[in-house]
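Visitor: Here you go, this is work24.tsv (TSV, C-alpha atoms).
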```
chain	number	residue	atom	x	y	z
A	48	MET	CA	26.36	-29.46	11.49
A	49	LEU	CA	25.96	-25.96	12.93
A	50	LYS	CA	28.29	-24.45	10.33
A	51	SER	CA	26.37	-26.20	7.57
A	52	ALA	CA	23.07	-24.76	8.84
A	53	ARG	CA	24.52	-21.24	9.02
A	54	LYS	CA	25.93	-21.57	5.54
A	55	GLN	CA	22.55	-22.69	4.24
A	56	GLU	CA	20.85	-19.74	5.98
A	57	LYS	CA	23.26	-17.29	4.35
A	58	THR	CA	22.64	-18.93	0.98
A	59	ASP	CA	18.86	-18.62	1.43
A	60	GLN	CA	19.23	-14.96	2.49
A	61	LYS	CA	21.25	-14.19	-0.63
A	62	ALA	CA	18.61	-15.88	-2.75
A	63	LYS	CA	15.89	-13.78	-1.12
A	64	ASP	CA	17.89	-10.60	-1.71
A	65	ALA	CA	18.40	-11.56	-5.35
A	66	GLU	CA	14.65	-12.04	-5.77
A	67	GLY	CA	13.92	-8.72	-4.04
A	68	ARG	CA	12.02	-10.23	-1.11
A	69	MET	CA	12.38	-8.71	2.33
A	70	PRO	CA	10.39	-8.55	5.57
A	71	LEU	CA	7.80	-5.84	6.19
A	72	VAL	CA	10.15	-3.99	8.55
A	73	GLU	CA	12.78	-3.84	5.81
A	74	HIS	CA	10.19	-2.47	3.38
A	75	LEU	CA	9.24	0.28	5.84
A	76	ARG	CA	12.88	1.11	6.45
A	77	GLU	CA	13.50	1.25	2.72
A	78	LEU	CA	10.49	3.54	2.25
A	79	ARG	CA	11.75	5.82	5.02
A	80	ASN	CA	15.20	6.09	3.43
A	81	ARG	CA	13.76	6.84	0.00
A	82	LEU	CA	11.44	9.52	1.39
A	83	LEU	CA	14.32	11.05	3.35
A	84	LYS	CA	16.48	11.32	0.24
A	85	SER	CA	13.61	12.85	-1.73
A	86	VAL	CA	12.86	15.43	0.97
A	87	LEU	CA	16.56	16.24	1.28
A	88	ALA	CA	16.81	16.86	-2.47
A	89	VAL	CA	13.77	19.15	-2.39
A	90	LEU	CA	15.23	21.01	0.59
A	91	VAL	CA	18.64	21.57	-1.02
A	92	ILE	CA	17.16	22.88	-4.27
A	93	THR	CA	14.70	25.04	-2.31
A	94	ILE	CA	17.61	26.70	-0.49
A	95	VAL	CA	19.40	27.36	-3.78
A	96	ALA	CA	16.20	28.72	-5.35
A	97	ALA	CA	15.71	31.06	-2.38
A	98	MET	CA	18.86	32.91	-3.43
A	99	TYR	CA	17.26	33.75	-6.79
A	100	TYR	CA	13.63	34.03	-5.74
A	101	LYS	CA	13.20	37.54	-7.19
A	102	ASN	CA	14.21	36.32	-10.65
A	103	ILE	CA	11.84	33.37	-10.29
A	104	ILE	CA	8.97	35.66	-9.23
A	105	ASP	CA	9.57	37.94	-12.22
A	106	PHE	CA	9.53	34.88	-14.48
A	107	MET	CA	6.24	33.69	-12.98
A	108	LEU	CA	4.57	37.12	-13.11
A	109	LYS	CA	5.57	37.83	-16.71
A	110	PRO	CA	2.72	35.92	-18.46
A	111	MET	CA	0.15	37.53	-16.19
A	112	LEU	CA	1.49	41.05	-16.75
A	113	ASP	CA	1.68	40.47	-20.50
A	114	SER	CA	-1.95	39.34	-20.66
A	115	VAL	CA	-3.88	41.52	-18.18
A	116	GLY	CA	-1.30	43.82	-16.61
A	117	CYS	CA	0.19	47.03	-17.87
A	118	THR	CA	3.76	48.25	-17.82
A	119	ASN	CA	5.66	51.35	-18.91
A	120	GLY	CA	2.92	53.70	-17.73
A	121	VAL	CA	0.11	52.16	-19.81
A	122	VAL	CA	-3.23	52.25	-17.96
A	123	GLU	CA	-5.43	50.17	-20.29
A	124	GLN	CA	-5.22	46.74	-21.82
A	125	ARG	CA	-5.46	46.12	-25.54
A	126	ASN	CA	-9.18	45.40	-25.20
A	127	GLY	CA	-9.76	48.76	-23.52
A	128	ARG	CA	-10.29	47.37	-20.01
A	129	PRO	CA	-8.36	48.68	-17.01
A	130	CYS	CA	-5.10	46.98	-16.21
A	131	ALA	CA	-4.82	44.50	-13.36
A	132	ASP	CA	-2.37	45.53	-10.66
A	133	MET	CA	-0.26	42.93	-8.90
A	134	THR	CA	-0.16	43.78	-5.18
A	135	VAL	CA	1.51	42.54	-2.00
A	136	ASN	CA	-0.58	42.90	1.16
A	137	GLY	CA	0.89	42.83	4.66
A	138	LEU	CA	4.27	42.97	6.27
A	139	ILE	CA	4.93	39.21	6.26
A	140	ALA	CA	3.56	38.67	2.74
A	141	PRO	CA	6.89	39.25	0.92
A	142	PHE	CA	8.62	36.59	3.05
A	143	SER	CA	5.74	34.15	2.54
A	144	ILE	CA	5.89	34.74	-1.20
A	145	ALA	CA	9.64	34.13	-1.29
A	146	LEU	CA	9.23	30.90	0.68
A	147	LYS	CA	6.38	29.69	-1.51
A	148	VAL	CA	8.23	30.40	-4.74
A	149	SER	CA	11.39	28.70	-3.51
A	150	LEU	CA	9.51	25.60	-2.38
A	151	THR	CA	7.68	25.34	-5.70
A	152	ALA	CA	10.97	25.55	-7.57
A	153	GLY	CA	12.43	22.92	-5.24
A	154	VAL	CA	9.64	20.43	-5.94
A	155	VAL	CA	9.73	20.97	-9.71
A	156	LEU	CA	13.50	21.02	-10.20
A	157	SER	CA	14.11	18.03	-7.91
A	158	ALA	CA	11.69	15.86	-9.91
A	159	PRO	CA	14.49	13.63	-11.33
A	160	VAL	CA	15.64	12.78	-7.80
A	161	TRP	CA	12.30	11.86	-6.24
A	162	LEU	CA	11.19	10.05	-9.39
A	163	TYR	CA	14.33	7.92	-9.21
A	164	GLN	CA	13.71	7.23	-5.51
A	165	LEU	CA	10.17	6.12	-6.35
A	166	TRP	CA	11.45	3.72	-8.98
A	167	ALA	CA	14.25	2.45	-6.73
A	168	PHE	CA	11.66	1.53	-4.09
A	169	VAL	CA	9.66	-0.50	-6.60
A	170	ALA	CA	12.64	-1.96	-8.50
A	171	PRO	CA	13.47	-4.78	-6.01
A	172	GLY	CA	10.17	-6.41	-6.99
A	173	LEU	CA	11.32	-6.62	-10.59
A	174	HIS	CA	13.47	-9.21	-12.27
A	175	ASN	CA	17.09	-8.38	-12.89
A	176	ASN	CA	16.50	-7.82	-16.60
A	177	GLU	CA	13.73	-5.29	-15.80
A	178	LYS	CA	15.75	-3.12	-13.39
A	179	LYS	CA	17.59	-1.58	-16.32
A	180	TYR	CA	14.46	0.48	-17.01
A	181	ALA	CA	15.19	2.65	-13.94
A	182	VAL	CA	17.23	5.12	-15.97
A	183	GLY	CA	14.54	5.24	-18.64
A	184	PHE	CA	11.87	5.81	-15.98
A	185	VAL	CA	13.67	8.90	-14.68
A	186	ALA	CA	14.68	10.06	-18.16
A	187	VAL	CA	11.04	10.02	-19.28
A	188	GLY	CA	9.36	10.98	-16.00
A	189	ALA	CA	11.26	14.25	-15.47
A	190	PRO	CA	10.49	15.66	-18.96
A	191	LEU	CA	6.86	14.61	-18.60
A	192	PHE	CA	6.55	16.50	-15.31
A	193	GLY	CA	8.31	19.46	-16.88
A	194	ALA	CA	5.99	19.36	-19.90
A	195	GLY	CA	2.98	19.52	-17.60
A	196	ALA	CA	4.50	22.48	-15.72
A	197	VAL	CA	5.26	24.31	-18.98
A	198	LEU	CA	1.71	23.71	-20.22
A	199	ALA	CA	0.34	25.21	-17.00
A	200	TYR	CA	2.64	28.20	-17.45
A	201	LYS	CA	1.44	28.71	-21.03
A	202	ILE	CA	-2.24	28.40	-20.09
A	203	LEU	CA	-2.05	31.04	-17.36
A	204	PRO	CA	-2.34	34.14	-19.62
A	205	GLN	CA	-5.45	32.85	-21.33
A	206	THR	CA	-6.85	31.75	-17.97
A	207	ALA	CA	-6.35	35.26	-16.58
A	208	VAL	CA	-8.03	36.89	-19.57
A	209	ILE	CA	-11.10	34.65	-19.28
A	210	LEU	CA	-11.46	35.13	-15.53
A	211	LEU	CA	-11.04	38.91	-15.63
A	212	GLU	CA	-13.64	39.23	-18.37
A	213	PHE	CA	-16.23	39.06	-15.57
A	214	THR	CA	-14.92	42.30	-14.04
A	215	PRO	CA	-17.39	45.24	-14.22
A	216	ALA	CA	-16.45	47.93	-16.69
A	217	ASP	CA	-15.72	50.64	-14.10
A	218	ALA	CA	-13.90	48.36	-11.62
A	219	ARG	CA	-10.17	47.90	-11.29
A	220	ASN	CA	-8.55	44.56	-10.56
A	221	LEU	CA	-6.10	44.20	-7.70
A	222	LEU	CA	-4.43	40.79	-7.90
A	223	PRO	CA	-2.57	39.75	-4.71
A	224	VAL	CA	0.71	38.15	-5.69
A	225	ASP	CA	0.39	35.41	-3.05
A	226	ASP	CA	-3.04	34.36	-4.38
A	227	TYR	CA	-1.65	34.31	-7.90
A	228	LEU	CA	1.31	32.18	-6.81
A	229	ASP	CA	-1.07	29.76	-5.08
A	230	LEU	CA	-2.85	29.35	-8.39
A	231	VAL	CA	0.42	28.90	-10.27
A	232	THR	CA	1.70	26.36	-7.75
A	233	ARG	CA	-1.48	24.33	-7.85
A	234	MET	CA	-1.62	24.29	-11.64
A	235	VAL	CA	2.07	23.41	-12.05
A	236	ILE	CA	1.90	20.51	-9.60
A	237	VAL	CA	-1.47	19.22	-10.86
A	238	PHE	CA	-0.49	19.45	-14.52
A	239	GLY	CA	2.92	17.91	-13.85
A	240	LEU	CA	1.50	14.96	-11.90
A	241	ALA	CA	-1.25	14.48	-14.48
A	242	PHE	CA	1.40	14.00	-17.15
A	243	GLU	CA	2.92	11.23	-15.01
A	244	LEU	CA	-0.23	9.07	-15.40
A	245	PRO	CA	1.03	7.21	-18.51
A	246	LEU	CA	4.32	6.50	-16.78
A	247	LEU	CA	2.46	5.11	-13.76
A	248	LEU	CA	0.45	2.77	-16.02
A	249	ILE	CA	3.64	1.56	-17.69
A	250	LEU	CA	5.20	0.99	-14.26
A	251	LEU	CA	2.23	-1.12	-13.17
A	252	ASN	CA	2.45	-3.12	-16.39
A	253	PHE	CA	6.20	-3.76	-16.13
A	254	THR	CA	5.79	-4.94	-12.53
A	255	GLY	CA	3.05	-7.37	-13.58
A	256	VAL	CA	0.25	-5.64	-11.65
A	257	LEU	CA	-1.71	-4.47	-14.71
A	258	THR	CA	-1.99	-6.20	-18.07
A	259	ALA	CA	-2.36	-4.36	-21.35
A	260	LYS	CA	-5.57	-6.27	-22.08
A	261	ARG	CA	-7.20	-4.96	-18.91
A	262	LEU	CA	-5.85	-1.47	-19.51
A	263	ALA	CA	-7.31	-1.47	-23.02
A	264	SER	CA	-10.72	-2.45	-21.65
A	265	TRP	CA	-10.71	0.72	-19.54
A	266	TRP	CA	-10.18	3.18	-22.40
A	267	ARG	CA	-13.70	4.66	-22.31
A	268	ALA	CA	-13.59	5.15	-18.55
A	269	MET	CA	-10.07	6.56	-18.78
A	270	VAL	CA	-11.02	9.13	-21.42
A	271	LEU	CA	-14.08	10.18	-19.45
A	272	GLY	CA	-12.12	10.33	-16.17
A	273	ILE	CA	-9.33	12.40	-17.72
A	274	THR	CA	-11.85	14.84	-19.17
A	275	ILE	CA	-13.63	15.24	-15.83
A	276	PHE	CA	-10.29	15.67	-14.07
A	277	ALA	CA	-9.27	18.38	-16.55
A	278	ALA	CA	-12.56	20.20	-15.95
A	279	PHE	CA	-11.86	20.36	-12.19
A	280	ALA	CA	-8.10	20.98	-12.51
A	281	THR	CA	-8.36	24.03	-14.75
A	282	PRO	CA	-9.49	27.12	-12.86
A	283	THR	CA	-11.69	28.54	-15.62
A	284	GLY	CA	-13.46	25.37	-16.74
A	285	ASP	CA	-13.91	26.66	-20.27
A	286	PRO	CA	-13.77	24.02	-23.03
A	287	LEU	CA	-10.59	25.39	-24.63
A	288	THR	CA	-8.54	25.37	-21.42
A	289	MET	CA	-10.01	22.04	-20.35
A	290	MET	CA	-9.16	20.34	-23.66
A	291	SER	CA	-5.66	21.83	-23.63
A	292	LEU	CA	-5.02	19.69	-20.55
A	293	ALA	CA	-7.16	16.65	-21.40
A	294	SER	CA	-5.94	16.16	-24.98
A	295	PRO	CA	-2.23	15.58	-24.26
A	296	ILE	CA	-3.01	13.30	-21.30
A	297	ILE	CA	-5.37	11.20	-23.44
A	298	ALA	CA	-2.72	11.00	-26.16
A	299	LEU	CA	-0.11	9.94	-23.60
A	300	TYR	CA	-2.52	7.31	-22.25
A	301	PHE	CA	-2.84	5.65	-25.67
A	302	ILE	CA	0.94	5.82	-26.13
A	303	ALA	CA	1.32	4.08	-22.77
A	304	LEU	CA	-1.22	1.48	-23.86
A	305	GLY	CA	0.83	0.75	-26.98
A	306	ILE	CA	3.99	0.31	-24.91
A	307	CYS	CA	2.15	-2.04	-22.54
A	308	LEU	CA	0.91	-4.12	-25.46
A	309	LEU	CA	4.45	-4.47	-26.81
A	310	ASN	CA	5.74	-5.41	-23.36
A	311	ASP	CA	3.03	-8.08	-22.88
A	312	ARG	CA	3.76	-9.49	-26.32
A	313	ARG	CA	7.46	-9.70	-25.48
A	314	ARG	CA	6.71	-11.28	-22.11
A	315	LYS	CA	4.32	-13.82	-23.66
A	316	LYS	CA	6.86	-14.77	-26.30
A	317	ALA	CA	9.38	-15.53	-23.55
A	318	ASN	CA	6.81	-17.31	-21.37
A	319	PRO	CA	3.53	-18.46	-23.03
A	320	ASP	CA	1.86	-18.81	-19.61
A	321	ALA	CA	2.86	-15.34	-18.39
A	322	ASP	CA	-0.65	-13.90	-18.74
A	323	LEU	CA	-2.34	-16.72	-16.80
A	324	ASP	CA	-3.52	-16.21	-13.24
A	325	ASP	CA	-2.06	-18.35	-10.47
A	326	ASP	CA	-5.29	-20.33	-10.15
A	327	GLU	CA	-5.90	-20.61	-13.89
A	328	ALA	CA	-5.02	-23.97	-15.42
A	329	ALA	CA	-3.04	-24.07	-18.62
A	330	GLU	CA	-4.38	-25.90	-21.66
A	331	LEU	CA	-3.52	-29.61	-21.55
A	332	ASP	CA	-2.97	-31.92	-24.49
A	333	LEU	CA	-5.54	-34.68	-23.93
A	334	THR	CA	-4.71	-36.62	-27.10
A	335	PRO	CA	-4.19	-40.26	-26.09
A	336	ALA	CA	-0.67	-41.47	-26.55
A	337	THR	CA	0.12	-44.51	-28.69
A	338	LEU	CA	0.50	-47.66	-26.63
A	339	GLY	CA	3.48	-49.88	-27.19
A	340	GLU	CA	3.64	-53.66	-27.03
A	341	ILE	CA	1.59	-55.01	-24.12
A	342	GLU	CA	3.65	-57.01	-21.68
A	343	PRO	CA	1.92	-59.94	-19.96
A	344	ALA	CA	1.41	-59.39	-16.23
A	345	PRO	CA	2.16	-62.27	-13.88
A	346	ALA	CA	-0.85	-63.93	-12.25
A	347	PRO	CA	-1.37	-63.11	-8.56
A	348	SER	CA	-0.28	-65.70	-6.09
A	349	ALA	CA	-3.09	-68.02	-4.92
A	350	LEU	CA	-4.54	-67.82	-1.45
A	351	PRO	CA	-4.01	-70.76	0.87
A	352	GLU	CA	-7.60	-71.86	0.34
A	353	GLN	CA	-7.03	-71.80	-3.44
A	354	ALA	CA	-3.70	-73.55	-3.45
A	355	ASP	CA	-5.35	-76.71	-4.85
A	356	GLY	CA	-7.06	-74.71	-7.61
A	357	GLY	CA	-10.51	-75.10	-6.05
A	358	ARG	CA	-12.78	-72.35	-4.76
A	359	ARG	CA	-14.74	-72.40	-1.54
A	360	GLN	CA	-18.21	-70.90	-1.82
A	361	ILE	CA	-20.24	-69.28	0.92
A	362	ASN	CA	-23.90	-68.58	0.22
A	363	GLY	CA	-23.26	-69.07	-3.47
A	364	TYR	CA	-20.30	-66.59	-3.72
A	365	ASP	CA	-16.64	-67.25	-4.09
A	366	ASP	CA	-14.69	-66.50	-0.94
A	367	ALA	CA	-11.73	-64.59	-2.35
A	368	THR	CA	-10.68	-63.28	1.03
```
Let me see the file written as structure tokens.
Guide:
Amino acid sequence: MLKSARKQEKTDQKAKDAEGRMPLVEHLRELRNRLLKSVLAVLVITIVAAMYYKNIIDFMLKPMLDSVGCTNGVVEQRNGRPCADMTVNGLIAPFSIALKVSLTAGVVLSAPVWLYQLWAFVAPGLHNNEKKYAVGFVAVGAPLFGAGAVLAYKILPQTAVILLEFTPADARNLLPVDDYLDLVTRMVIVFGLAFELPLLLILLNFTGVLTAKRLASWWRAMVLGITIFAAFATPTGDPLTMMSLASPIIALYFIALGICLLNDRRRKKANPDADLDDDEAAELDLTPATLGEIEPAPAPSALPEQADGGRRQINGYDDAT
């Protein structure tokens, strides 16, 4: 009896594991392990990037120097304004710059690892046939983050030109390298995460949290929200820079909406009641069925008082009890 109960308990535990259910403590432990792996990946790549931080700094400074800086002894920009000088202030500033550049490279280059860890934490809540999308999630998420980072890198020269246009004619611009790297880091991370929005919407749809119908009803609010976000995310706030960020995100949103619609159509074809809420009743067929031949029912047995076929009346009513 005891062995049978233990065997049944193990069977139930395996069933729970197959369905991806686990206690809250297990969820927290799983989250801790995933975060630890993500942080470890960022740390390893940061250490490697620290060995080449000077090359990375030169790569990050190049668009700024090409747009508003001057090299090879030139003292004026193409528009006749004085060149902007990149400066390093303080004794500890070079070390802080090296650390900041290395950490930024670690976060960006380790994107495939922490994106996979994010998906692996959510995957147990999916069905077995949906877990195969983990590779696709990472394969799409990493290029999207990289595309956002590249867009931020390309926007920087134009951003610098617009901002330095406010400089008085006789003034000279001294641009601290650490402030510039703060701006680059913020733009790269913000642009990269903004490009992950469509992937997040698809993730919510594949896990059954968000339906394509509801997502489509939000399109006006989404377009407005993305535009407002782009206005705050871009440092200049000019329409051209703002739309350079908002336009690709809006396009990616509608692409994500199309993928969600296809996924809901596939899910509904496999299960017609998939889009119904738990408390929503399905349509019932209320057409009366055709009755067959009526079988005669036997008469109920008579009460003792009615055994002789007579009825006893009390106050004018039959006493059937």
Visitor: Hey, can you check how far CA of Ala280 in chain A sits from CA of Val237 in chain A?
Guide: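 That distance, rounded to one decimal, is 7.1 Å.
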Visitor: Rank nothing, just name the residue among A:Val224, A:Ile236, A:Leu198, A:Leu250 nearest to Ser291 in chain A, using all atoms listed in the file.
Guide: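 The shortest atom-to-atom distance to Ser291 in chain A comes from A:Leu198.
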Visitor: Skipping near chain neighbours, those fewer than 2 positions away, what residues fall within 7 Å of range 137-150 of chain A using all atoms listed in the file, listed as a ChimeraX atom specification?
Guide: /A:93,96-97,100,104,135,152-154,225
Visitor: Pick out the residues sitting within 12 Å of range 268-270 of chain A, and hand them over as a JSON list (two decimals) with C-alpha atoms, in the frame of the given file; count all atoms listed in the file, and ignore anything fewer than 4 positions along from it in its own chain.
Guide:
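Output below, filename part-v3.json:
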```json
[["chain", "number", "residue", "atom", "x", "y", "z"],
["A", 244, "LEU", "CA", -0.23, 9.07, -15.40],
["A", 245, "PRO", "CA", 1.03, 7.21, -18.51],
["A", 248, "LEU", "CA", 0.45, 2.77, -16.02],
["A", 261, "ARG", "CA", -7.20, -4.96, -18.91],
["A", 262, "LEU", "CA", -5.85, -1.47, -19.51],
["A", 263, "ALA", "CA", -7.31, -1.47, -23.02],
["A", 264, "SER", "CA", -10.72, -2.45, -21.65],
["A", 274, "THR", "CA", -11.85, 14.84, -19.17],
["A", 275, "ILE", "CA", -13.63, 15.24, -15.83],
["A", 276, "PHE", "CA", -10.29, 15.67, -14.07],
["A", 277, "ALA", "CA", -9.27, 18.38, -16.55],
["A", 290, "MET", "CA", -9.16, 20.34, -23.66],
["A", 293, "ALA", "CA", -7.16, 16.65, -21.40],
["A", 294, "SER", "CA", -5.94, 16.16, -24.98],
["A", 295, "PRO", "CA", -2.23, 15.58, -24.26],
["A", 296, "ILE", "CA", -3.01, 13.30, -21.30],
["A", 297, "ILE", "CA", -5.37, 11.20, -23.44],
["A", 298, "ALA", "CA", -2.72, 11.00, -26.16],
["A", 299, "LEU", "CA", -0.11, 9.94, -23.60],
["A", 300, "TYR", "CA", -2.52, 7.31, -22.25],
["A", 301, "PHE", "CA", -2.84, 5.65, -25.67],
["A", 304, "LEU", "CA", -1.22, 1.48, -23.86]]
```
Visitor: Between CA of Ala189 in chain A and CA of Pro159 in chain A, measure the distance and give it in Å to one decimal.
Guide: 5.3 Å
Visitor: From the set A:Ile273, A:Ala196, A:Leu251, A:Ala131, which residue has the shortest atom-to-atom contact distance to Val231 in chain A, counting only C-alpha atoms?
Guide: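 Once distances to Val231 in chain A are computed over only C-alpha atoms, the minimum belongs to A:Ala196.
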Visitor: With all atoms listed in the file as the atoms that count, which of A:Ala303, A:Ile249, A:Ala241, A:Leu156 lies nearest to Trp266 in chain A?
Guide: A:Ala303
Visitor: Between A:Ala194, A:Leu309, A:Val89, A:Ala317, which one has atoms that come closest to Leu162 in chain A, using only C-alpha atoms?
Guide: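 Under the stated criterion, the closest residue is A:Val89.
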Visitor: Calculate how many Å separate CA of Ser157 in chain A from CA of Leu87 in chain A, rounding to one decimal.
Guide: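 If I compute the distance from CA of Ser157 in chain A to CA of Leu87 in chain A, I get 9.7 Å.
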Visitor: Applying 9 Å and only C-alpha atoms, which residues near Trp166 in chain A remain after dropping the ones on its own chain fewer than 5 positions away? List them as a VMD selection string.
Guide: chain A and resid 161 181 184 to 185 250
Visitor: Hey, which of A:Val160, A:Val72, A:Ile302, A:Ser114 ends up closest to Cys130 in chain A? Count only C-alpha atoms.
Guide: A:Ser114
Visitor: What lies within 10 Å of Pro110 in chain A using all atoms listed in the file, ignoring chain neighbours under 6 positions off, as a short mmCIF file (atom, residue, chain, number, x, y, z; two decimals) with C-alpha atoms, keeping the file's coordinate frame?
Guide:
```
data_model
loop_
_atom_site.label_atom_id
_atom_site.label_comp_id
_atom_site.auth_asym_id
_atom_site.auth_seq_id
_atom_site.Cartn_x
_atom_site.Cartn_y
_atom_site.Cartn_z
CA GLY A 116 -1.30 43.82 -16.61
CA TYR A 200 2.64 28.20 -17.45
CA LYS A 201 1.44 28.71 -21.03
CA ILE A 202 -2.24 28.40 -20.09
CA LEU A 203 -2.05 31.04 -17.36
CA PRO A 204 -2.34 34.14 -19.62
CA GLN A 205 -5.45 32.85 -21.33
CA ALA A 207 -6.35 35.26 -16.58
#
```
